[in-house]
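Novice: Structure incoming, see below.
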Amino acid sequence: MADFVQKTINKSAVRDLTVPIASVTSFNTLIESVIADNPFGCVDHTGPDGKVIDAVIRNREHYTAKVNFIDENTGKRLGTVSLQSPSIAAFDANAAEVLANTPLATAMGGVAERNFGGESYYAQLKCHDPSGDDYYVTFTRRTVRISSYQDDAIKTAVETWADGVPALA
């Protein structure tokens with residue numbers, strides 16, 4: 001029987017944020033700045049189909065809105081609706097739809113209120129290092145994770161950048 005032979009060593013590292021990212025707008029601004037400014041020094045490359053792939057791309061993302069239903073007399077939470085959406089536009093539209101849904105509020109027995117503090121955001125960026133390796137930088141409201149990197153210089157570059165971003169303290 002053939003044995004598996006290790007070919008590479010892929011690492012991961014995580015930074016827990018002391019304060020969650022405040023809003024989906026702030027979160028998106030952060031993600032867009034990484035894509036536009038390329039602070040890690042990533043490079044464009046050619047995919048197997050011959051098309052050029054940008055140095056930093058959104059690999060996957062999702063956003064979860066939370067809506068609580070509250071008894072107006074007691075202030076007690078009666079129920080919660082959680083909506084995971086594939087984009088920020090869908091996130092906003094889905095939350096607005098639930099907030100305006102009178103039959104749902106009636107069925108729950110309370111009024112709908114957005115629970116901004118309970119919401120979550122997730123975006124994973126795929127970065128192509130000049131060495132040819134691909135690695136991922138994943139952002140949530142509470143963490144930044146670097147994964148599938150081999151060279152510690154990648155972690156150092158991301159960490160140095162994050163140290164200069166107040167929202168990532």
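As shown in the structure tokens, the chain order sets the letters A, B, ...; within each chain, residues go from 1, and ligands are also counted from 1 in the order they appear.
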If you run DSSP on this backbone, which residues of region 17-134 of chain A come out as strand (DSSP E), and could you give them as a ChimeraX atom specification?
Specialist: /A:45-46,52-53,56-70,77-85,111-114,120-128,134
Novice: Tell me, counting only C-alpha atoms, for each residue of region 70-159 of chain A within 9 Å of region 28-39 of chain A, which pair of atoms is nearest and how far apart they are in Å to one decimal, in rows ordered by chain and increasing number, as CSV.
Specialist:
```
residue,atom,partner,partner_atom,distance
A:Ile88,CA,A:Asn28,CA,8.3
A:Ala123,CA,A:Ile31,CA,7.6
A:Leu125,CA,A:Ile35,CA,8.2
A:Phe139,CA,A:Ile31,CA,8.1
A:Ala157,CA,A:Pro39,CA,8.0
A:Val158,CA,A:Pro39,CA,7.8
```
Novice: Enumerate as a PyMOL selection string all residues of chain A assigned to helix (DSSP H, G or I) by DSSP on the backbone, naming them with the chain letters and numbers the document uses.
Specialist: chain A and resi 24-37+88-99+102-108+116-118+152-163+166-168
Novice: Select, from A:Ile57, A:Pro20, A:Asn115, A:Ile70, the residue with the minimum atom-to-atom distance to Pro166 (chain A), counting only C-alpha atoms.
Specialist: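 Nearest to Pro166 (chain A): A:Pro20.
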Novice: By how many Å are CA of Val5 (chain A) and CA of Tyr149 (chain A) apart?
Specialist: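 According to the coordinates, CA of Val5 (chain A) and CA of Tyr149 (chain A) are separated by 18.8 Å.
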Novice: Counting only C-alpha atoms, which of A:Phe27, A:Phe69, A:Tyr135, A:Phe91 gets nearest to Glu113 (chain A)?
Specialist: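 Under the stated criterion, the closest residue is A:Phe69.
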Novice: What is the distance between CA of Lys66 (chain A) and CA of Lys126 (chain A), in Å to one decimal?
Specialist: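 Computing the Euclidean distance for CA of Lys66 (chain A) and CA of Lys126 (chain A) yields 27.7 Å.
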Novice: List the neighbours of Ser23 (chain A) out to 12 Å using only C-alpha atoms; skip same-chain residues closer than 2 positions along the sequence, and give me the result as a ChimeraX atom specification.
Specialist: /A:19-21,25-30,63-65,88,92,115-121,140-142,167
Novice: Between A:Pro86, A:Gly164, A:Gly75, A:Gly132, which one has atoms that come closest to Asp151 (chain A), using only C-alpha atoms?
Specialist: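 Among the listed residues, A:Gly132 lies closest to Asp151 (chain A).
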Novice: Could you tell me how far CA of Thr138 (chain A) sits from CA of Leu168 (chain A), in Å to one decimal place?
Specialist: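 These atoms are spaced 12.6 Å apart.
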Novice: Considering only C-alpha atoms, return as JSON, numbers by chain whatever protein or nucleic-acid residues lie within 9 Å of Gly79 (chain A), sequence-local ones (same chain, fewer than 6 positions apart) excluded.
Specialist: {"A": [67, 68, 69, 70, 108, 109, 110]}
Novice: Skip Val98 (chain A) itself and residues of its chain fewer than 4 positions away, then list as a count of residues only all residues within 8 Å of it, counting only C-alpha atoms.
Specialist: 4
Novice: Using only C-alpha atoms, which residues sit within 6 Å of Arg145 (chain A) once same-chain residues fewer than 3 positions away are excluded, as an MDAnalysis selection string?
Specialist: chainID A and resid 13:14 137:138
Novice: Produce a file of the selected residues containing C-alpha atoms, as a tab-separated table (two decimals), in the first residue's frame.
Specialist:
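The file below, part04.tsv, is the result:
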```
chain	number	residue	atom	x	y	z
A	13	ALA	CA	-2.97	32.30	12.12
A	14	VAL	CA	-5.82	34.28	13.65
A	137	VAL	CA	-7.24	36.29	4.41
A	138	THR	CA	-10.63	35.83	6.03
```
Novice: Check the smallest atom-to-atom distance from each of A:Tyr136, A:Thr143, A:Ala169, A:Ala105 to Lys11 (chain A) using only C-alpha atoms, then report the winner.
Specialist: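 Looking only at the distances to Lys11 (chain A), the closest residue turns out to be A:Tyr136.
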Novice: Which residue out of A:Glu97, A:Asp134, A:Ser87, A:Ala153 has the minimum interatomic distance to Gly47 (chain A) when only C-alpha atoms are used?
Specialist: A:Asp134
Novice: Mind running region 56-160 of chain A against region 43-46 of chain A at 9 Å and telling me each contacting residue's nearest atom pair with the distance in Å (one decimal), counting only C-alpha atoms, chain and number ascending, as CSV?
Specialist:
```
residue,atom,partner,partner_atom,distance
A:Val56,CA,A:Val43,CA,7.8
A:Cys127,CA,A:Val43,CA,8.0
A:His128,CA,A:Val43,CA,5.8
A:Asp129,CA,A:Val43,CA,6.1
A:Pro130,CA,A:Val43,CA,5.8
A:Gly132,CA,A:His45,CA,8.5
```
